[in-house]
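Asks: The structure that follows is given in the form of structure tokens.
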Amino acid sequence: MKQGIVYLVGAGPGDYKLISMKAAELISLAEVIVYDRLADDRLLGLARPDVELIYVGKASSRHTMKQEEINQVLVEKALAGKMVVRLKGGDPFVFGRGGEEALYLLHNGIPFEVVPGITSAIAVPAYAGIPVTHRGIATSFAVVTGHEDPQKAESNIQWNKLATGVDTLLFLMGVENLPYITTKLMENGLDGKTPAAVVRWGTKPEQEVLVTTVATAAADVARENLQPPAVFIVGRVVNLRRQLAWFDNKPLFGKTVMVTRAREQASQLTARLEAMGARCLEAPSIRIAPPESYVPLDTAIEAIGSYQWLIFTSVNGVEAFFCRLHAAGKDTRSLGLKVAAIGAPTAERLSAFGVIADLVPLEFRAEGVIEALTGRIGAGTKILLPRAAVARDILPESLRRMGCQVDVVEAYRTLPGEFDGPELGERLRAGEIDLITFTSSSTVTNLLSLLGEAGNELIARIKVACIGPITAATCLENGIKPEIIAEEYTIHGLVAAIVAAEGRNSLV
Ligand code: SAH
């Protein structure tokens, strides 16, 4: 039997992109992933479809699975020959009990490796604009547990040395213990006026920062009802935040945007909005599925030599076409024809398959495509159009009017997504969402059908951003007034329009 192994992997502090390449690779290969609540869902999205996911919880006071049980699961799975990733928030050896797990594995003869992660102790202050060291201000820092039981007779923490011996102190797991921590620091000689900060959910769009002093921290946190997880930062470096705050200054920081796209396509829009600081909630109001039958597409591919033009209207069309082309044992060399790709992303995807489009009309609307093709096609030109069945028919109809012979074949279907309508309705009702984005007419109608009767009324309360005039028209037809309409009908254009209208530095 194949030898099992356990990787103790640091998942980074919160922002899922702050993971190492090595960790990402191991996640994508793992047969078993054992994870806790600090690990972002999107990291788990990198895993194989057949991965076994084991949640072991760990909110500070109520452990879902005891440490001994976690140890046993790791050993059990490794003994069964599995490649196991034990995913831990931050760094596995910084208050992650990674050392204990490693010792347990060692004693049980299980091979293990450690993949360090970016610890919250340093990254969370960084995202709050607080460098843990700074020339002339702090030449040392210490990471300290804030979890020590205040009732314990003898503290393991050398408060007398820490309080005045280290310039920057970083307490993890300390929110509930702030009265004790701050009292100990002041009793041991630290000036109560020393600047301090509490950063909750650092590096994530939910990040909250409270700037205070050692003397006032406990009361401030109680008043604001700030909950874990948070890092408590003590030291003069906290003052640098006034100049260096960058993450929470991003244009869309603090805004929650609902992205209604097919799951397979949501990521690009979400990634760009997140880069602007927004929190995104992906409501996959549509989902891409294979066509009922591939026969029409396969038949067209079989006869590909008889076409003069191939027109792709979407990334999905490109993917489905090449998937079937390869399945037929053919590749790009069999495409001795002209290719048009509507929109830059479609052209980009095409180039990944080795095809440089002959024509890339940037205008998404069928009218723009016809204009671009005029003069290049004529009566009798045979055109293949692999696309979704429900798409608008203007393009093939106009081409036919120009005398072309157009074969529209279904390459994929867009179906209503699986997002739970009532839950979504709840969130809209609770005012949790600041903005809804629509990137096609079908996202509008699908969201409405998902929400049911109250849909229009719920959406009417929230700002709506559309990718272009056609989507906006569909909104209006459904009684929704879009406030933001992109001037350039692309994801990039949509994000730019949102930032211009909603961004904190916007002039509007
Ligand atoms: N191994 C982890 C720490 C585990 S202890 C690391 O290296 O980061 C858990 C504590 O880490 C929490 O109580 C909190 O103090 C801190 N923490 C982890 N992620 C955090 C985040 N995104 N924001 C604020 N604090 C965080």
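Every chain in the structure tokens has a letter given in the order shown (A, B, ...), and although residue numbers restart at 1 in each chain, ligands are simply numbered from 1 in the order shown.
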Residues near Arg504 of chain A, anyone? I mean within 9 Å using only C-alpha atoms, not counting same-chain ones fewer than 5 positions away, as a PDB file with N, CA, C and O atoms, in the first residue's frame.
Replies:
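Generated file (around-v8.pdb):
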```pdb
ATOM      1  N   ASN A 249      -8.567  51.803   3.314  1.00  0.00           N
ATOM      2  CA  ASN A 249      -8.761  53.020   2.516  1.00  0.00           C
ATOM      3  C   ASN A 249      -9.118  52.706   1.071  1.00  0.00           C
ATOM      4  O   ASN A 249      -9.248  53.606   0.254  1.00  0.00           O
ATOM      5  N   LYS A 250      -9.209  51.434   0.741  1.00  0.00           N
ATOM      6  CA  LYS A 250      -9.500  51.085  -0.657  1.00  0.00           C
ATOM      7  C   LYS A 250     -10.882  51.603  -1.049  1.00  0.00           C
ATOM      8  O   LYS A 250     -11.766  51.710  -0.197  1.00  0.00           O
ATOM      9  N   PRO A 251     -11.069  51.903  -2.350  1.00  0.00           N
ATOM     10  CA  PRO A 251     -12.298  52.589  -2.762  1.00  0.00           C
ATOM     11  C   PRO A 251     -13.596  51.896  -2.347  1.00  0.00           C
ATOM     12  O   PRO A 251     -14.554  52.565  -1.987  1.00  0.00           O
ATOM     13  N   LEU A 252     -13.629  50.571  -2.414  1.00  0.00           N
ATOM     14  CA  LEU A 252     -14.898  49.896  -2.111  1.00  0.00           C
ATOM     15  C   LEU A 252     -14.870  49.189  -0.758  1.00  0.00           C
ATOM     16  O   LEU A 252     -15.733  48.355  -0.467  1.00  0.00           O
ATOM     17  N   PHE A 253     -13.883  49.538   0.088  1.00  0.00           N
ATOM     18  CA  PHE A 253     -13.795  48.874   1.391  1.00  0.00           C
ATOM     19  C   PHE A 253     -15.080  49.108   2.184  1.00  0.00           C
ATOM     20  O   PHE A 253     -15.600  50.234   2.227  1.00  0.00           O
ATOM     21  N   VAL A 499     -16.686  51.814  -9.141  1.00  0.00           N
ATOM     22  CA  VAL A 499     -15.737  52.599  -8.334  1.00  0.00           C
ATOM     23  C   VAL A 499     -16.018  54.097  -8.504  1.00  0.00           C
ATOM     24  O   VAL A 499     -16.015  54.855  -7.536  1.00  0.00           O
TER      25      VAL A 499
END
```
Asks: Around ligand 1, at most 9 Å away and counting only C-alpha atoms and all ligand atoms, which residues are there? Put them as number ranges by chain, please.
Replies: A: 10-15, 38, 59-60, 88-98, 116-125, 145-147, 170-175, 198-204, 207-208, 228-232
Asks: Using only C-alpha atoms, which protein or nucleic acid residues come within 9 Å of segment 426-439 of chain A? Drop anything in the same chain fewer than 2 positions from it, and give the result as a VMD selection string.
Replies: chain A and resid 255 to 261 281 421 to 424 441 to 444 458 to 459 461 to 468 471 to 472 475 489 to 491 494
Asks: Contacts of Asp167 of chain A at 9 Å or less, counting only C-alpha atoms, minus same-chain residues fewer than 3 places along, as a list in words?
Replies: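 Near neighbours after the sequence-gap exclusion: Val132, Thr133, Ile137, Ala138, Thr139, Ser140, Phe141, Ala142, Leu162, Ala163, Thr164, Val234, Gly235, Arg236 and Val237 of chain A.
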Asks: Could you give me, as a list of chain:residue names, the residues within 6 Å of segment 1-5 of chain A, counting only C-alpha atoms and dropping anything in the same chain fewer than 2 positions from it?
Replies: A:Ala78, A:Leu79, A:Gly81, A:Lys82, A:Met83, A:Pro111, A:Phe112
Asks: Work out how far atom CA of Val408 of chain A is from atom CA of Ile470 of chain A, in Å to one decimal.
Replies: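 Taking atom CA of Ile470 of chain A and atom CA of Val408 of chain A, their separation equals 21.4 Å.
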Asks: Taking 5 positions as the minimum chain separation for residues in the same chain, which residues sit within 10 Å of Tyr294 of chain A when counting only C-alpha atoms? Answer as a count of residues only.
Replies: 8
Asks: Applying 8 Å and only C-alpha atoms, which residues near Leu451 of chain A remain after dropping the ones on its own chain fewer than 2 positions away? List them as a PyMOL selection string.
Replies: chain A and resi 421-422+424-425+447-449+453-455
Asks: Could you write out the selected residues, including N, CA and C atoms, as a tab-separated table (two decimals), in the first residue's frame?
Replies:
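Wrote it out as again.tsv, contents follow:
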```
chain	number	residue	atom	x	y	z
A	421	GLY	N	-32.90	30.68	-2.70
A	421	GLY	CA	-33.65	31.93	-2.83
A	421	GLY	C	-34.04	32.58	-1.51
A	422	PRO	N	-34.67	31.83	-0.58
A	422	PRO	CA	-35.09	32.44	0.69
A	422	PRO	C	-33.91	33.05	1.46
A	424	LEU	N	-31.14	34.22	0.28
A	424	LEU	CA	-30.74	35.43	-0.42
A	424	LEU	C	-31.71	36.57	-0.10
A	425	GLY	N	-32.99	36.25	-0.12
A	425	GLY	CA	-34.03	37.22	0.22
A	425	GLY	C	-33.81	37.79	1.60
A	447	LEU	N	-32.28	35.89	-11.34
A	447	LEU	CA	-32.31	36.31	-9.93
A	447	LEU	C	-33.76	36.56	-9.50
A	448	LEU	N	-34.51	37.20	-10.40
A	448	LEU	CA	-35.91	37.47	-10.07
A	448	LEU	C	-36.69	36.17	-9.87
A	449	SER	N	-36.44	35.18	-10.71
A	449	SER	CA	-37.19	33.94	-10.55
A	449	SER	C	-36.74	33.22	-9.28
A	453	GLU	N	-41.88	36.06	-5.64
A	453	GLU	CA	-42.78	37.21	-5.69
A	453	GLU	C	-42.20	38.53	-5.20
A	454	ALA	N	-41.51	38.46	-4.06
A	454	ALA	CA	-41.03	39.70	-3.45
A	454	ALA	C	-39.79	40.25	-4.16
A	455	GLY	N	-39.31	39.54	-5.18
A	455	GLY	CA	-38.04	39.86	-5.83
A	455	GLY	C	-37.87	41.31	-6.23
```
Asks: Which residue out of A:Val56, A:Ile130, A:Ala102, A:Val115 has the minimum interatomic distance to Ser20 of chain A when only C-alpha atoms are used?
Replies: A:Val115
Asks: If you run DSSP over the backbone, which residues in segment 237-310 of chain A end up alpha helix (DSSP H)? Put them as a ChimeraX atom specification.
Replies: /A:241-244,263-275,295-302
Asks: Sort by chain and increasing residue number a table of all residues of segment 224-305 of chain A within 12 Å of segment 377-386 of chain A, each with its closest pair of atoms and their distance in Å to one decimal, counting only C-alpha atoms, and write it as a Markdown table.
Replies:
```
| residue | atom | partner | partner_atom | distance |
| --- | --- | --- | --- | --- |
| A:Pro291 | CA | A:Pro386 | CA | 11.0 |
| A:Tyr294 | CA | A:Pro386 | CA | 11.0 |
| A:Pro296 | CA | A:Pro386 | CA | 9.6 |
| A:Leu297 | CA | A:Pro386 | CA | 7.2 |
| A:Asp298 | CA | A:Pro386 | CA | 10.6 |
| A:Thr299 | CA | A:Leu384 | CA | 11.3 |
| A:Ala300 | CA | A:Leu384 | CA | 7.7 |
| A:Ile301 | CA | A:Leu384 | CA | 9.3 |
| A:Ala303 | CA | A:Leu384 | CA | 10.3 |
| A:Ile304 | CA | A:Leu384 | CA | 8.4 |
| A:Gly305 | CA | A:Lys382 | CA | 10.3 |
```
Asks: Could you jot down the atom CA of Gly493 of chain A to atom CA of Glu282 of chain A separation for me, Å, one decimal place?
Replies: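 Atom CA of Glu282 of chain A lies at a distance of 19.0 Å from atom CA of Gly493 of chain A.
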Asks: Would you work out the distance separating atom CA of Gly189 of chain A from atom CA of Ala245 of chain A, expressed in Å to one decimal?
Replies: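 Pair atom CA of Gly189 of chain A / atom CA of Ala245 of chain A returns 29.4 Å.
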Asks: Got a sec to tell me which of segment 301-406 of chain A DSSP assigns to strand (DSSP E or B), as a ChimeraX atom specification?
Replies: /A:309-312,338-341,359,374,377,382-388,405-406
Asks: Store the residues picked out above, limited to N, CA and C atoms, as a PDB file, in the first residue's frame.
Replies:
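Contents of the output file selection-v3.pdb:
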```pdb
ATOM      1  N   TRP A 309     -16.322  30.934 -41.452  1.00  0.00           N
ATOM      2  CA  TRP A 309     -16.166  31.727 -40.224  1.00  0.00           C
ATOM      3  C   TRP A 309     -16.691  30.954 -39.031  1.00  0.00           C
ATOM      4  N   LEU A 310     -15.990  31.163 -37.911  1.00  0.00           N
ATOM      5  CA  LEU A 310     -16.427  30.596 -36.645  1.00  0.00           C
ATOM      6  C   LEU A 310     -16.555  31.790 -35.705  1.00  0.00           C
ATOM      7  N   ILE A 311     -17.741  31.981 -35.124  1.00  0.00           N
ATOM      8  CA  ILE A 311     -17.924  33.149 -34.249  1.00  0.00           C
ATOM      9  C   ILE A 311     -18.203  32.693 -32.821  1.00  0.00           C
ATOM     10  N   PHE A 312     -17.366  33.177 -31.907  1.00  0.00           N
ATOM     11  CA  PHE A 312     -17.594  32.865 -30.490  1.00  0.00           C
ATOM     12  C   PHE A 312     -18.146  34.092 -29.792  1.00  0.00           C
ATOM     13  N   LYS A 338     -11.676  31.488 -40.635  1.00  0.00           N
ATOM     14  CA  LYS A 338     -11.540  32.744 -39.900  1.00  0.00           C
ATOM     15  C   LYS A 338     -12.322  32.637 -38.592  1.00  0.00           C
ATOM     16  N   VAL A 339     -11.776  33.288 -37.578  1.00  0.00           N
ATOM     17  CA  VAL A 339     -12.431  33.208 -36.269  1.00  0.00           C
ATOM     18  C   VAL A 339     -12.697  34.603 -35.730  1.00  0.00           C
ATOM     19  N   ALA A 340     -13.920  34.814 -35.250  1.00  0.00           N
ATOM     20  CA  ALA A 340     -14.246  36.073 -34.578  1.00  0.00           C
ATOM     21  C   ALA A 340     -14.562  35.772 -33.112  1.00  0.00           C
ATOM     22  N   ALA A 341     -14.079  36.643 -32.217  1.00  0.00           N
ATOM     23  CA  ALA A 341     -14.369  36.480 -30.790  1.00  0.00           C
ATOM     24  C   ALA A 341     -14.969  37.778 -30.295  1.00  0.00           C
ATOM     25  N   LEU A 359     -10.799  38.627 -35.785  1.00  0.00           N
ATOM     26  CA  LEU A 359     -11.650  39.791 -35.557  1.00  0.00           C
ATOM     27  C   LEU A 359     -12.137  39.770 -34.112  1.00  0.00           C
ATOM     28  N   THR A 374     -19.026  43.470 -41.565  1.00  0.00           N
ATOM     29  CA  THR A 374     -19.422  43.977 -42.881  1.00  0.00           C
ATOM     30  C   THR A 374     -18.179  44.188 -43.753  1.00  0.00           C
ATOM     31  N   ILE A 377     -17.600  39.518 -44.921  1.00  0.00           N
ATOM     32  CA  ILE A 377     -18.432  38.366 -45.265  1.00  0.00           C
ATOM     33  C   ILE A 377     -19.411  38.790 -46.351  1.00  0.00           C
ATOM     34  N   LYS A 382     -20.411  30.677 -45.099  1.00  0.00           N
ATOM     35  CA  LYS A 382     -20.972  29.707 -44.156  1.00  0.00           C
ATOM     36  C   LYS A 382     -20.346  29.944 -42.768  1.00  0.00           C
ATOM     37  N   ILE A 383     -21.217  30.168 -41.800  1.00  0.00           N
ATOM     38  CA  ILE A 383     -20.754  30.574 -40.472  1.00  0.00           C
ATOM     39  C   ILE A 383     -21.235  29.606 -39.405  1.00  0.00           C
ATOM     40  N   LEU A 384     -20.312  29.248 -38.482  1.00  0.00           N
ATOM     41  CA  LEU A 384     -20.701  28.412 -37.344  1.00  0.00           C
ATOM     42  C   LEU A 384     -20.713  29.267 -36.078  1.00  0.00           C
ATOM     43  N   LEU A 385     -21.783  29.140 -35.319  1.00  0.00           N
ATOM     44  CA  LEU A 385     -21.973  29.949 -34.116  1.00  0.00           C
ATOM     45  C   LEU A 385     -22.266  29.020 -32.926  1.00  0.00           C
ATOM     46  N   PRO A 386     -21.217  28.573 -32.200  1.00  0.00           N
ATOM     47  CA  PRO A 386     -21.487  27.719 -31.038  1.00  0.00           C
ATOM     48  C   PRO A 386     -21.774  28.589 -29.822  1.00  0.00           C
ATOM     49  N   ARG A 387     -22.923  28.449 -29.229  1.00  0.00           N
ATOM     50  CA  ARG A 387     -23.302  29.355 -28.138  1.00  0.00           C
ATOM     51  C   ARG A 387     -24.436  28.759 -27.297  1.00  0.00           C
ATOM     52  N   ALA A 388     -24.961  29.530 -26.378  1.00  0.00           N
ATOM     53  CA  ALA A 388     -26.069  29.041 -25.554  1.00  0.00           C
ATOM     54  C   ALA A 388     -27.360  29.132 -26.336  1.00  0.00           C
ATOM     55  N   GLN A 405     -24.954  31.757 -44.619  1.00  0.00           N
ATOM     56  CA  GLN A 405     -25.588  30.537 -44.147  1.00  0.00           C
ATOM     57  C   GLN A 405     -25.074  30.302 -42.729  1.00  0.00           C
ATOM     58  N   VAL A 406     -25.979  30.419 -41.733  1.00  0.00           N
ATOM     59  CA  VAL A 406     -25.534  30.386 -40.333  1.00  0.00           C
ATOM     60  C   VAL A 406     -26.031  29.136 -39.625  1.00  0.00           C
TER      61      VAL A 406
END
```
Asks: So, with only C-alpha atoms as the atoms that count, which of A:Ile498, A:Arg48, A:Met402, A:Glu69 lies closest to Leu269 of chain A?
Replies: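 Of all the options, A:Ile498 lies closest to Leu269 of chain A.
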Asks: Which residue out of A:Leu43, A:Ile33, A:Val495, A:Val144 has the minimum interatomic distance to Ile19 of chain A when only C-alpha atoms are used?
Replies: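 Comparing A:Leu43, A:Ile33, A:Val495, A:Val144 against Ile19 of chain A, the winner is A:Leu43.
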Asks: A:Leu395, A:Asp358, A:Ala352, A:Asp220: which is nearest Ile370 of chain A, counting only C-alpha atoms?
Replies: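 Counting only C-alpha atoms, the residue closest to Ile370 of chain A is A:Leu395.
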